[in-house]
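Student: Quick one: this structure, given as structure tokens, is what I'll be asking you about.
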Amino acid sequence: MASVRQSALRVAQSVPKTVDPFAAEVIAGLAAKPKRLLPKYFYDAVGSALFERITQLPEYYPTRCELALLRAHAPAIASLFPPNCALVEFGSGGSKKARLLLGAAATIEAYVPVDISGDFLQQDCAQLRREFPRLAVHPVVADFTSPFSIPSQVAALPRVGFFPGSTIGNFEPHEAAKFLRHAGVVLGRGAVMIVGVDLIKDTKILCPAYNDAEGVTAKFNLNVLARINRELGANFDLTTFEHHALYNSKQNRIEMHLASMRRQKVRIQGTTISFRAGETIHTENSYKYSVESFAALAQGSGWSPLQVWTDGQFSVHALRRSDEK
Ligand SMILES: C[S@@+](CC[C@H](N)C(=O)[O-])C[C@H]1O[C@@H](n2cnc3c(N)ncnc32)[C@H](O)[C@@H]1O
């Protein structure tokens, strides 16, 4: 990240009119070596809808496994929640998994879905209010890696964190630790948090999940370039970039890249980015853990493991902020 930040500074000096953080981070990431884009930028309304399609693909086991675990263990999970609590979901997307907890835990008084994809979030909340008329739904459009305010209406309620989807795997392990500490501050003393974590497994299962036959994951990956064209007036030719997803077994992570199929130059807000033939933009990591390695990460980041549910493919961890018994 240091090199990305240094590049951001250099680019900011050479492009004085770039003040939009999206533009600044995109240009800095593409000026860095190797080129990279942050995965949070996948999620505009189109990206969020494509992610929902990914979750329904036959190859994409994580959603199916996590939903089955949550369905089977919802009563045990709900029994850990304090009375009259607010469920705070980090990166709620379509809130499908939250719906299972909301149905099982009568103790949830309010739901606070936090997501960077604002339009998609508002639509989902309108639907949730129809489905759960007695539930207070208070969406927060924010980047969950930065400080954000909990809505004042629920500020006095005890909070339970929910971070499913193995979104935690998109962080480098040291960033995941930083996020867990930050979540501890957001949720408060004694909080419980439920985290969905994908497990290390055979590449025969892992790789197809990110290389589906229908090409939806490729569309999702390429959408970040389409978004940069739409929002920043860039001129990426999407037909000249290819989706690559591979397993890096040394780091236990799936890597997604966009490879330029030829030598070319792309213009973004007055900056020219050059690509060699075959050069890639690293767009996402999805780290895989063992049950033990994730529990150790949580323990080192201010959380005590309470319980874990697993089917051997995926794991759902219940954690309690360590400063409380
Ligand atoms: C992998 S999806 C998981 C969605 C849902 N929780 C699930 O389990 O199916 C990640 C979600 O987190 C959101 N997201 C990603 N990075 C974010 C960030 N930095 N701040 C807030 N939301 C973010 C995305 O918009 C997306 O809805």
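Note on naming: chains are A, B, ... as they come in the structure tokens, residues start from 1 per chain, ligands start from 1 in the order shown.
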Need the shell around segment 238-243 of chain A: protein/DNA/RNA residues with any atom at most 9 Å away, counting only C-alpha atoms. Skip same-chain ones fewer than 2 positions apart. Format as JSON, numbers by chain?
Tutor: {"A": [211, 217, 218, 219, 221, 222, 223, 225, 226, 236, 245, 256, 257, 258, 259, 260, 261, 262, 280]}
Student: Dump as CSV the rows for residues of chain A within 7 Å of ligand 1: closest atom pair and distance in Å with one decimal, only C-alpha atoms and all ligand atoms counted, ordered by chain and rising residue number.
Tutor:
```
residue,atom,partner,partner_atom_place_in_ligand_line,distance
A:Pro39,CA,ligand 1,16 (N),6.6
A:Lys40,CA,ligand 1,16 (N),3.9
A:Tyr43,CA,ligand 1,25 (O),4.7
A:Ser48,CA,ligand 1,27 (O),6.1
A:Phe51,CA,ligand 1,2 (S),6.9
A:Thr63,CA,ligand 1,9 (O),6.6
A:Phe90,CA,ligand 1,22 (N),6.4
A:Gly91,CA,ligand 1,12 (O),3.2
A:Ser92,CA,ligand 1,6 (N),4.0
A:Gly93,CA,ligand 1,27 (O),3.2
A:Gly94,CA,ligand 1,5 (C),6.1
A:Ser95,CA,ligand 1,5 (C),6.0
A:Lys96,CA,ligand 1,9 (O),6.6
A:Lys97,CA,ligand 1,8 (O),6.4
A:Val114,CA,ligand 1,21 (C),6.1
A:Asp115,CA,ligand 1,22 (N),3.7
A:Ile116,CA,ligand 1,21 (C),4.0
A:Ser117,CA,ligand 1,25 (O),4.8
A:Ala142,CA,ligand 1,21 (C),5.5
A:Asp143,CA,ligand 1,20 (N),3.3
A:Phe144,CA,ligand 1,20 (N),3.9
A:Thr145,CA,ligand 1,19 (N),5.4
A:Phe163,CA,ligand 1,6 (N),6.5
A:Pro164,CA,ligand 1,8 (O),4.4
A:Gly165,CA,ligand 1,8 (O),3.3
A:Ser166,CA,ligand 1,1 (C),6.6
A:Thr167,CA,ligand 1,1 (C),4.8
```
Student: Quick one: everything within 8 Å of segment 175-183 of chain A, counting only C-alpha atoms, minus sequence neighbours fewer than 5 positions away in the same chain. Send it as a PyMOL selection string.
Tutor: chain A and resi 145+147+161+168-169+297-298+300-303
Student: For atom CA of Val140 of chain A and atom CA of Met193 of chain A, determine how far apart the two atoms are, in Å to one decimal place.
Tutor: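 Distance between the two atoms: 18.1 Å.
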Student: Name the residues in contact with Leu232 of chain A at a cut-off of 9 Å, using only C-alpha atoms, excluding same-chain residues fewer than 3 positions from it; report them as a PDB file with C-alpha atoms, in the first residue's frame.
Tutor:
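As a result, selection.pdb now contains:
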```pdb
ATOM      1  CA  PHE A  22     -12.367   7.337  -6.409  1.00  0.00           C
ATOM      2  CA  ALA A  23     -10.432   9.040  -9.243  1.00  0.00           C
ATOM      3  CA  ARG A 227     -17.475   1.841 -14.004  1.00  0.00           C
ATOM      4  CA  ILE A 228     -14.228   3.812 -14.452  1.00  0.00           C
ATOM      5  CA  ASN A 229     -15.345   4.638 -18.017  1.00  0.00           C
ATOM      6  CA  ILE A 268      -8.326   8.673 -17.366  1.00  0.00           C
ATOM      7  CA  GLN A 269      -9.011  12.311 -16.557  1.00  0.00           C
TER       8      GLN A 269
END
```
Student: Please identify all polymer residues within 9 Å of segment 310-325 of chain A, counting only C-alpha atoms, omitting same-chain residues fewer than 6 positions from it, and present them as a PDB file with all heavy atoms, in the first residue's frame.
Tutor:
```
ATOM      1  N   TYR A  61     -19.767 -22.101  -4.343  1.00  0.00           N
ATOM      2  CA  TYR A  61     -20.169 -22.826  -3.128  1.00  0.00           C
ATOM      3  C   TYR A  61     -20.275 -21.939  -1.872  1.00  0.00           C
ATOM      4  O   TYR A  61     -21.058 -22.261  -0.958  1.00  0.00           O
ATOM      5  CB  TYR A  61     -19.171 -23.994  -2.857  1.00  0.00           C
ATOM      6  CG  TYR A  61     -17.802 -23.456  -2.526  1.00  0.00           C
ATOM      7  CD1 TYR A  61     -17.451 -23.143  -1.218  1.00  0.00           C
ATOM      8  CD2 TYR A  61     -16.878 -23.183  -3.535  1.00  0.00           C
ATOM      9  CE1 TYR A  61     -16.229 -22.564  -0.917  1.00  0.00           C
ATOM     10  CE2 TYR A  61     -15.659 -22.609  -3.241  1.00  0.00           C
ATOM     11  CZ  TYR A  61     -15.341 -22.300  -1.929  1.00  0.00           C
ATOM     12  OH  TYR A  61     -14.157 -21.708  -1.641  1.00  0.00           O
ATOM     13  N   PRO A  62     -19.481 -20.806  -1.739  1.00  0.00           N
ATOM     14  CA  PRO A  62     -19.478 -20.142  -0.421  1.00  0.00           C
ATOM     15  C   PRO A  62     -20.861 -19.711   0.062  1.00  0.00           C
ATOM     16  O   PRO A  62     -21.203 -19.915   1.235  1.00  0.00           O
ATOM     17  CB  PRO A  62     -18.556 -18.924  -0.626  1.00  0.00           C
ATOM     18  CG  PRO A  62     -17.656 -19.310  -1.761  1.00  0.00           C
ATOM     19  CD  PRO A  62     -18.526 -20.148  -2.663  1.00  0.00           C
ATOM     20  N   CYS A  65     -22.993 -22.782   1.102  1.00  0.00           N
ATOM     21  CA  CYS A  65     -22.508 -23.388   2.360  1.00  0.00           C
ATOM     22  C   CYS A  65     -22.844 -22.497   3.548  1.00  0.00           C
ATOM     23  O   CYS A  65     -23.314 -22.984   4.591  1.00  0.00           O
ATOM     24  CB  CYS A  65     -20.992 -23.576   2.306  1.00  0.00           C
ATOM     25  SG  CYS A  65     -20.477 -24.808   1.121  1.00  0.00           S
ATOM     26  N   GLU A  66     -22.610 -21.195   3.398  1.00  0.00           N
ATOM     27  CA  GLU A  66     -22.830 -20.299   4.546  1.00  0.00           C
ATOM     28  C   GLU A  66     -24.320 -20.205   4.890  1.00  0.00           C
ATOM     29  O   GLU A  66     -24.697 -20.221   6.064  1.00  0.00           O
ATOM     30  CB  GLU A  66     -22.255 -18.907   4.236  1.00  0.00           C
ATOM     31  CG  GLU A  66     -22.219 -18.018   5.466  1.00  0.00           C
ATOM     32  CD  GLU A  66     -21.561 -16.676   5.203  1.00  0.00           C
ATOM     33  OE1 GLU A  66     -21.537 -16.240   4.033  1.00  0.00           O
ATOM     34  OE2 GLU A  66     -21.084 -16.061   6.176  1.00  0.00           O
ATOM     35  N   LEU A  69     -25.254 -23.297   6.795  1.00  0.00           N
ATOM     36  CA  LEU A  69     -24.760 -23.253   8.185  1.00  0.00           C
ATOM     37  C   LEU A  69     -25.618 -22.307   9.023  1.00  0.00           C
ATOM     38  O   LEU A  69     -25.985 -22.618  10.158  1.00  0.00           O
ATOM     39  CB  LEU A  69     -23.293 -22.778   8.204  1.00  0.00           C
ATOM     40  CG  LEU A  69     -22.257 -23.807   7.735  1.00  0.00           C
ATOM     41  CD1 LEU A  69     -20.886 -23.142   7.531  1.00  0.00           C
ATOM     42  CD2 LEU A  69     -22.136 -24.942   8.749  1.00  0.00           C
ATOM     43  N   LEU A  70     -25.942 -21.140   8.445  1.00  0.00           N
ATOM     44  CA  LEU A  70     -26.747 -20.167   9.206  1.00  0.00           C
ATOM     45  C   LEU A  70     -28.148 -20.709   9.471  1.00  0.00           C
ATOM     46  O   LEU A  70     -28.697 -20.543  10.562  1.00  0.00           O
ATOM     47  CB  LEU A  70     -26.811 -18.832   8.460  1.00  0.00           C
ATOM     48  CG  LEU A  70     -25.491 -18.042   8.397  1.00  0.00           C
ATOM     49  CD1 LEU A  70     -25.623 -16.849   7.459  1.00  0.00           C
ATOM     50  CD2 LEU A  70     -25.064 -17.562   9.784  1.00  0.00           C
ATOM     51  N   ILE A  77     -26.959 -19.407  17.233  1.00  0.00           N
ATOM     52  CA  ILE A  77     -26.318 -18.101  17.004  1.00  0.00           C
ATOM     53  C   ILE A  77     -27.139 -17.020  17.709  1.00  0.00           C
ATOM     54  O   ILE A  77     -26.601 -16.183  18.435  1.00  0.00           O
ATOM     55  CB  ILE A  77     -26.197 -17.828  15.479  1.00  0.00           C
ATOM     56  CG1 ILE A  77     -25.239 -18.839  14.833  1.00  0.00           C
ATOM     57  CG2 ILE A  77     -25.720 -16.386  15.227  1.00  0.00           C
ATOM     58  CD1 ILE A  77     -25.202 -18.818  13.315  1.00  0.00           C
ATOM     59  N   LEU A  80     -26.819 -16.149  21.416  1.00  0.00           N
ATOM     60  CA  LEU A  80     -25.669 -15.357  21.885  1.00  0.00           C
ATOM     61  C   LEU A  80     -25.971 -13.852  21.889  1.00  0.00           C
ATOM     62  O   LEU A  80     -25.176 -13.058  22.396  1.00  0.00           O
ATOM     63  CB  LEU A  80     -24.459 -15.601  20.965  1.00  0.00           C
ATOM     64  CG  LEU A  80     -23.960 -17.047  20.860  1.00  0.00           C
ATOM     65  CD1 LEU A  80     -22.927 -17.187  19.744  1.00  0.00           C
ATOM     66  CD2 LEU A  80     -23.352 -17.486  22.195  1.00  0.00           C
ATOM     67  N   PRO A 164     -20.647 -11.541   7.041  1.00  0.00           N
ATOM     68  CA  PRO A 164     -20.659 -12.813   6.311  1.00  0.00           C
ATOM     69  C   PRO A 164     -19.992 -12.672   4.934  1.00  0.00           C
ATOM     70  O   PRO A 164     -19.369 -11.652   4.632  1.00  0.00           O
ATOM     71  CB  PRO A 164     -22.149 -13.089   6.177  1.00  0.00           C
ATOM     72  CG  PRO A 164     -22.766 -11.734   6.051  1.00  0.00           C
ATOM     73  CD  PRO A 164     -21.900 -10.795   6.863  1.00  0.00           C
ATOM     74  N   SER A 166     -17.485 -14.086   3.610  1.00  0.00           N
ATOM     75  CA  SER A 166     -16.017 -14.139   3.559  1.00  0.00           C
ATOM     76  C   SER A 166     -15.445 -12.847   2.980  1.00  0.00           C
ATOM     77  O   SER A 166     -14.374 -12.857   2.382  1.00  0.00           O
ATOM     78  CB  SER A 166     -15.526 -15.356   2.762  1.00  0.00           C
ATOM     79  OG  SER A 166     -14.261 -15.745   3.255  1.00  0.00           O
ATOM     80  N   GLY A 184     -14.521  -3.711  16.528  1.00  0.00           N
ATOM     81  CA  GLY A 184     -14.658  -3.748  17.989  1.00  0.00           C
ATOM     82  C   GLY A 184     -15.005  -2.374  18.546  1.00  0.00           C
ATOM     83  O   GLY A 184     -15.825  -2.256  19.467  1.00  0.00           O
ATOM     84  N   LEU A 187     -18.663  -1.562  17.530  1.00  0.00           N
ATOM     85  CA  LEU A 187     -19.697  -2.385  18.194  1.00  0.00           C
ATOM     86  C   LEU A 187     -19.727  -2.189  19.706  1.00  0.00           C
ATOM     87  O   LEU A 187     -20.768  -2.399  20.330  1.00  0.00           O
ATOM     88  CB  LEU A 187     -19.491  -3.865  17.843  1.00  0.00           C
ATOM     89  CG  LEU A 187     -19.614  -4.182  16.342  1.00  0.00           C
ATOM     90  CD1 LEU A 187     -19.199  -5.619  16.053  1.00  0.00           C
ATOM     91  CD2 LEU A 187     -21.048  -3.944  15.858  1.00  0.00           C
ATOM     92  N   GLY A 188     -18.609  -1.813  20.293  1.00  0.00           N
ATOM     93  CA  GLY A 188     -18.596  -1.488  21.728  1.00  0.00           C
ATOM     94  C   GLY A 188     -18.236  -2.657  22.625  1.00  0.00           C
ATOM     95  O   GLY A 188     -18.141  -3.810  22.175  1.00  0.00           O
ATOM     96  N   ARG A 189     -18.077  -2.354  23.903  1.00  0.00           N
ATOM     97  CA  ARG A 189     -17.614  -3.334  24.896  1.00  0.00           C
ATOM     98  C   ARG A 189     -18.551  -4.535  24.958  1.00  0.00           C
ATOM     99  O   ARG A 189     -19.760  -4.375  24.929  1.00  0.00           O
ATOM    100  CB  ARG A 189     -17.549  -2.686  26.286  1.00  0.00           C
ATOM    101  CG  ARG A 189     -16.463  -1.636  26.408  1.00  0.00           C
ATOM    102  CD  ARG A 189     -16.512  -0.965  27.759  1.00  0.00           C
ATOM    103  NE  ARG A 189     -16.015  -1.839  28.819  1.00  0.00           N
ATOM    104  CZ  ARG A 189     -14.724  -2.026  29.078  1.00  0.00           C
ATOM    105  NH1 ARG A 189     -13.798  -1.414  28.374  1.00  0.00           N
ATOM    106  NH2 ARG A 189     -14.344  -2.826  30.047  1.00  0.00           N
ATOM    107  N   GLY A 190     -17.962  -5.702  25.032  1.00  0.00           N
ATOM    108  CA  GLY A 190     -18.746  -6.925  25.230  1.00  0.00           C
ATOM    109  C   GLY A 190     -19.512  -7.388  24.002  1.00  0.00           C
ATOM    110  O   GLY A 190     -20.272  -8.359  24.079  1.00  0.00           O
ATOM    111  N   ALA A 191     -19.289  -6.732  22.874  1.00  0.00           N
ATOM    112  CA  ALA A 191     -20.085  -7.070  21.675  1.00  0.00           C
ATOM    113  C   ALA A 191     -19.778  -8.485  21.183  1.00  0.00           C
ATOM    114  O   ALA A 191     -18.674  -8.995  21.364  1.00  0.00           O
ATOM    115  CB  ALA A 191     -19.797  -6.068  20.558  1.00  0.00           C
ATOM    116  N   VAL A 192     -20.799  -9.058  20.548  1.00  0.00           N
ATOM    117  CA  VAL A 192     -20.641 -10.340  19.845  1.00  0.00           C
ATOM    118  C   VAL A 192     -20.571 -10.027  18.356  1.00  0.00           C
ATOM    119  O   VAL A 192     -21.229  -9.093  17.883  1.00  0.00           O
ATOM    120  CB  VAL A 192     -21.857 -11.262  20.148  1.00  0.00           C
ATOM    121  CG1 VAL A 192     -21.906 -12.454  19.208  1.00  0.00           C
ATOM    122  CG2 VAL A 192     -21.820 -11.729  21.592  1.00  0.00           C
ATOM    123  N   MET A 193     -19.744 -10.785  17.628  1.00  0.00           N
ATOM    124  CA  MET A 193     -19.722 -10.613  16.163  1.00  0.00           C
ATOM    125  C   MET A 193     -19.702 -11.997  15.515  1.00  0.00           C
ATOM    126  O   MET A 193     -19.015 -12.904  15.977  1.00  0.00           O
ATOM    127  CB  MET A 193     -18.505  -9.791  15.728  1.00  0.00           C
ATOM    128  CG  MET A 193     -18.436  -9.659  14.214  1.00  0.00           C
ATOM    129  SD  MET A 193     -17.635  -8.163  13.635  1.00  0.00           S
ATOM    130  CE  MET A 193     -15.962  -8.497  14.032  1.00  0.00           C
ATOM    131  N   ILE A 194     -20.479 -12.122  14.438  1.00  0.00           N
ATOM    132  CA  ILE A 194     -20.566 -13.368  13.666  1.00  0.00           C
ATOM    133  C   ILE A 194     -19.859 -13.116  12.330  1.00  0.00           C
ATOM    134  O   ILE A 194     -20.226 -12.184  11.598  1.00  0.00           O
ATOM    135  CB  ILE A 194     -22.046 -13.762  13.411  1.00  0.00           C
ATOM    136  CG1 ILE A 194     -22.872 -13.766  14.726  1.00  0.00           C
ATOM    137  CG2 ILE A 194     -22.161 -15.084  12.666  1.00  0.00           C
ATOM    138  CD1 ILE A 194     -22.403 -14.757  15.776  1.00  0.00           C
ATOM    139  N   VAL A 195     -18.832 -13.934  12.039  1.00  0.00           N
ATOM    140  CA  VAL A 195     -18.017 -13.702  10.830  1.00  0.00           C
ATOM    141  C   VAL A 195     -17.995 -14.977   9.985  1.00  0.00           C
ATOM    142  O   VAL A 195     -17.695 -16.066  10.492  1.00  0.00           O
ATOM    143  CB  VAL A 195     -16.556 -13.319  11.203  1.00  0.00           C
ATOM    144  CG1 VAL A 195     -15.774 -12.920   9.958  1.00  0.00           C
ATOM    145  CG2 VAL A 195     -16.530 -12.187  12.235  1.00  0.00           C
ATOM    146  N   GLY A 196     -18.304 -14.832   8.699  1.00  0.00           N
ATOM    147  CA  GLY A 196     -18.244 -15.961   7.757  1.00  0.00           C
ATOM    148  C   GLY A 196     -16.889 -15.983   7.078  1.00  0.00           C
ATOM    149  O   GLY A 196     -16.460 -14.974   6.519  1.00  0.00           O
ATOM    150  N   VAL A 197     -16.220 -17.146   7.130  1.00  0.00           N
ATOM    151  CA  VAL A 197     -14.838 -17.234   6.633  1.00  0.00           C
ATOM    152  C   VAL A 197     -14.696 -18.463   5.742  1.00  0.00           C
ATOM    153  O   VAL A 197     -14.981 -19.594   6.179  1.00  0.00           O
ATOM    154  CB  VAL A 197     -13.854 -17.340   7.829  1.00  0.00           C
ATOM    155  CG1 VAL A 197     -12.409 -17.341   7.333  1.00  0.00           C
ATOM    156  CG2 VAL A 197     -14.072 -16.196   8.825  1.00  0.00           C
ATOM    157  N   ASP A 198     -14.219 -18.248   4.521  1.00  0.00           N
ATOM    158  CA  ASP A 198     -14.038 -19.378   3.610  1.00  0.00           C
ATOM    159  C   ASP A 198     -12.767 -20.148   3.987  1.00  0.00           C
ATOM    160  O   ASP A 198     -11.782 -19.560   4.444  1.00  0.00           O
ATOM    161  CB  ASP A 198     -13.948 -18.869   2.162  1.00  0.00           C
ATOM    162  CG  ASP A 198     -14.180 -19.985   1.162  1.00  0.00           C
ATOM    163  OD1 ASP A 198     -14.631 -21.083   1.567  1.00  0.00           O
ATOM    164  OD2 ASP A 198     -13.899 -19.772  -0.040  1.00  0.00           O
ATOM    165  N   LEU A 199     -12.816 -21.465   3.788  1.00  0.00           N
ATOM    166  CA  LEU A 199     -11.715 -22.327   4.241  1.00  0.00           C
ATOM    167  C   LEU A 199     -10.811 -22.763   3.090  1.00  0.00           C
ATOM    168  O   LEU A 199     -11.254 -22.875   1.935  1.00  0.00           O
ATOM    169  CB  LEU A 199     -12.292 -23.573   4.928  1.00  0.00           C
ATOM    170  CG  LEU A 199     -13.130 -23.309   6.191  1.00  0.00           C
ATOM    171  CD1 LEU A 199     -13.680 -24.628   6.749  1.00  0.00           C
ATOM    172  CD2 LEU A 199     -12.311 -22.594   7.269  1.00  0.00           C
ATOM    173  N   ILE A 200      -9.557 -23.023   3.432  1.00  0.00           N
ATOM    174  CA  ILE A 200      -8.577 -23.576   2.474  1.00  0.00           C
ATOM    175  C   ILE A 200      -9.115 -24.933   2.007  1.00  0.00           C
ATOM    176  O   ILE A 200      -9.572 -25.728   2.832  1.00  0.00           O
ATOM    177  CB  ILE A 200      -7.207 -23.758   3.165  1.00  0.00           C
ATOM    178  CG1 ILE A 200      -6.662 -22.405   3.617  1.00  0.00           C
ATOM    179  CG2 ILE A 200      -6.221 -24.493   2.256  1.00  0.00           C
ATOM    180  CD1 ILE A 200      -5.509 -22.492   4.599  1.00  0.00           C
ATOM    181  N   LYS A 201      -9.063 -25.149   0.700  1.00  0.00           N
ATOM    182  CA  LYS A 201      -9.574 -26.428   0.198  1.00  0.00           C
ATOM    183  C   LYS A 201      -8.952 -26.747  -1.144  1.00  0.00           C
ATOM    184  O   LYS A 201      -8.147 -25.954  -1.671  1.00  0.00           O
ATOM    185  CB  LYS A 201     -11.109 -26.403   0.111  1.00  0.00           C
ATOM    186  CG  LYS A 201     -11.618 -25.358  -0.851  1.00  0.00           C
ATOM    187  CD  LYS A 201     -13.125 -25.348  -0.929  1.00  0.00           C
ATOM    188  CE  LYS A 201     -13.800 -24.879   0.340  1.00  0.00           C
ATOM    189  NZ  LYS A 201     -13.446 -23.486   0.704  1.00  0.00           N
ATOM    190  N   SER A 290      -7.737 -21.553   7.695  1.00  0.00           N
ATOM    191  CA  SER A 290      -8.218 -22.740   8.418  1.00  0.00           C
ATOM    192  C   SER A 290      -9.039 -22.198   9.589  1.00  0.00           C
ATOM    193  O   SER A 290      -8.938 -21.011   9.923  1.00  0.00           O
ATOM    194  CB  SER A 290      -7.032 -23.581   8.929  1.00  0.00           C
ATOM    195  OG  SER A 290      -6.302 -22.832   9.877  1.00  0.00           O
ATOM    196  N   VAL A 291      -9.827 -23.071  10.212  1.00  0.00           N
ATOM    197  CA  VAL A 291     -10.607 -22.628  11.385  1.00  0.00           C
ATOM    198  C   VAL A 291      -9.648 -22.063  12.428  1.00  0.00           C
ATOM    199  O   VAL A 291      -9.872 -20.999  13.012  1.00  0.00           O
ATOM    200  CB  VAL A 291     -11.417 -23.822  11.956  1.00  0.00           C
ATOM    201  CG1 VAL A 291     -11.939 -23.521  13.348  1.00  0.00           C
ATOM    202  CG2 VAL A 291     -12.580 -24.159  11.014  1.00  0.00           C
ATOM    203  N   PHE A 294      -7.938 -18.602  11.439  1.00  0.00           N
ATOM    204  CA  PHE A 294      -8.813 -17.430  11.592  1.00  0.00           C
ATOM    205  C   PHE A 294      -9.046 -17.139  13.075  1.00  0.00           C
ATOM    206  O   PHE A 294      -9.037 -15.971  13.492  1.00  0.00           O
ATOM    207  CB  PHE A 294     -10.152 -17.580  10.855  1.00  0.00           C
ATOM    208  CG  PHE A 294     -10.946 -16.308  11.016  1.00  0.00           C
ATOM    209  CD1 PHE A 294     -10.594 -15.176  10.301  1.00  0.00           C
ATOM    210  CD2 PHE A 294     -11.964 -16.216  11.950  1.00  0.00           C
ATOM    211  CE1 PHE A 294     -11.250 -13.965  10.504  1.00  0.00           C
ATOM    212  CE2 PHE A 294     -12.628 -15.004  12.166  1.00  0.00           C
ATOM    213  CZ  PHE A 294     -12.273 -13.889  11.437  1.00  0.00           C
ATOM    214  N   ALA A 295      -9.237 -18.193  13.881  1.00  0.00           N
ATOM    215  CA  ALA A 295      -9.451 -17.969  15.325  1.00  0.00           C
ATOM    216  C   ALA A 295      -8.240 -17.241  15.918  1.00  0.00           C
ATOM    217  O   ALA A 295      -8.389 -16.336  16.749  1.00  0.00           O
ATOM    218  CB  ALA A 295      -9.694 -19.306  16.025  1.00  0.00           C
ATOM    219  N   ALA A 298      -8.356 -13.585  14.920  1.00  0.00           N
ATOM    220  CA  ALA A 298      -9.370 -12.866  15.712  1.00  0.00           C
ATOM    221  C   ALA A 298      -8.848 -12.612  17.128  1.00  0.00           C
ATOM    222  O   ALA A 298      -8.971 -11.503  17.662  1.00  0.00           O
ATOM    223  CB  ALA A 298     -10.670 -13.678  15.749  1.00  0.00           C
ATOM    224  N   GLN A 299      -8.216 -13.645  17.691  1.00  0.00           N
ATOM    225  CA  GLN A 299      -7.723 -13.532  19.068  1.00  0.00           C
ATOM    226  C   GLN A 299      -6.650 -12.444  19.182  1.00  0.00           C
ATOM    227  O   GLN A 299      -6.602 -11.727  20.173  1.00  0.00           O
ATOM    228  CB  GLN A 299      -7.135 -14.866  19.507  1.00  0.00           C
ATOM    229  CG  GLN A 299      -7.397 -15.168  20.940  1.00  0.00           C
ATOM    230  CD  GLN A 299      -7.437 -16.671  21.194  1.00  0.00           C
ATOM    231  OE1 GLN A 299      -7.108 -17.482  20.307  1.00  0.00           O
ATOM    232  NE2 GLN A 299      -7.844 -17.050  22.379  1.00  0.00           N
ATOM    233  N   SER A 301      -6.652  -9.813  17.526  1.00  0.00           N
ATOM    234  CA  SER A 301      -7.235  -8.540  17.091  1.00  0.00           C
ATOM    235  C   SER A 301      -8.358  -8.098  18.022  1.00  0.00           C
ATOM    236  O   SER A 301      -9.277  -7.392  17.620  1.00  0.00           O
ATOM    237  CB  SER A 301      -7.788  -8.680  15.664  1.00  0.00           C
ATOM    238  OG  SER A 301      -6.884  -9.342  14.844  1.00  0.00           O
ATOM    239  N   GLY A 302      -8.305  -8.589  19.278  1.00  0.00           N
ATOM    240  CA  GLY A 302      -9.241  -8.098  20.292  1.00  0.00           C
ATOM    241  C   GLY A 302     -10.535  -8.874  20.402  1.00  0.00           C
ATOM    242  O   GLY A 302     -11.494  -8.383  21.007  1.00  0.00           O
ATOM    243  N   TRP A 303     -10.589 -10.095  19.848  1.00  0.00           N
ATOM    244  CA  TRP A 303     -11.826 -10.883  19.903  1.00  0.00           C
ATOM    245  C   TRP A 303     -11.543 -12.286  20.434  1.00  0.00           C
ATOM    246  O   TRP A 303     -10.570 -12.914  20.017  1.00  0.00           O
ATOM    247  CB  TRP A 303     -12.458 -10.997  18.506  1.00  0.00           C
ATOM    248  CG  TRP A 303     -12.959  -9.697  17.976  1.00  0.00           C
ATOM    249  CD1 TRP A 303     -12.229  -8.769  17.274  1.00  0.00           C
ATOM    250  CD2 TRP A 303     -14.271  -9.144  18.118  1.00  0.00           C
ATOM    251  NE1 TRP A 303     -13.013  -7.685  16.968  1.00  0.00           N
ATOM    252  CE2 TRP A 303     -14.272  -7.890  17.478  1.00  0.00           C
ATOM    253  CE3 TRP A 303     -15.443  -9.595  18.726  1.00  0.00           C
ATOM    254  CZ2 TRP A 303     -15.407  -7.073  17.429  1.00  0.00           C
ATOM    255  CZ3 TRP A 303     -16.573  -8.793  18.676  1.00  0.00           C
ATOM    256  CH2 TRP A 303     -16.551  -7.544  18.040  1.00  0.00           C
ATOM    257  N   SER A 304     -12.408 -12.798  21.306  1.00  0.00           N
ATOM    258  CA  SER A 304     -12.270 -14.167  21.807  1.00  0.00           C
ATOM    259  C   SER A 304     -13.212 -15.078  21.031  1.00  0.00           C
ATOM    260  O   SER A 304     -14.415 -14.793  20.968  1.00  0.00           O
ATOM    261  CB  SER A 304     -12.677 -14.251  23.280  1.00  0.00           C
ATOM    262  OG  SER A 304     -11.936 -13.336  24.013  1.00  0.00           O
TER     263      SER A 304
END
```
Student: Which residues come within 12 Å of Ser249 of chain A, counting only C-alpha atoms, excluding same-chain residues fewer than 3 positions away, as an MDAnalysis selection string?
Tutor: chainID A and resid 200:203 206:207 246 252:255 286:289
Student: Just list the residues in segment 49-91 of chain A DSSP gives strand (DSSP E) on the backbone, as a list in words.
Tutor: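 Across segment 49-91 of chain A, those assigned strand (DSSP E) are Cys85, Ala86, Leu87, Val88, Glu89 and Phe90 of chain A.
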Student: Write out as number ranges by chain which residues come within 10 Å of Asp119 of chain A when counting only C-alpha atoms, dropping same-chain ones fewer than 5 positions away.
Tutor: A: 44-45, 48, 124, 141
Student: Which is closest to Val224 of chain A among A:Thr283, A:Pro139, A:Glu59, A:Arg129, if we use only C-alpha atoms?
Tutor: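 Closest candidate: A:Thr283.
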Student: Record the distance separating atom CA of Ala78 of chain A and atom CA of Leu100 of chain A, expressed in Å with one decimal.
Tutor: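 Computing the Euclidean distance for atom CA of Ala78 of chain A and atom CA of Leu100 of chain A yields 10.1 Å.
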Student: For Cys125 of chain A, which residue among A:Tyr111, A:Tyr41, A:Phe171, A:Phe275 is the nearest when counting only C-alpha atoms?
Tutor: A:Tyr111
Student: Determine which residues of segment 89-278 of chain A receive a DSSP assignment of alpha helix (DSSP H), computed from the backbone, and state them as number ranges by chain.
Tutor: A: 96-104, 118-131, 173-187, 203-209, 216-232
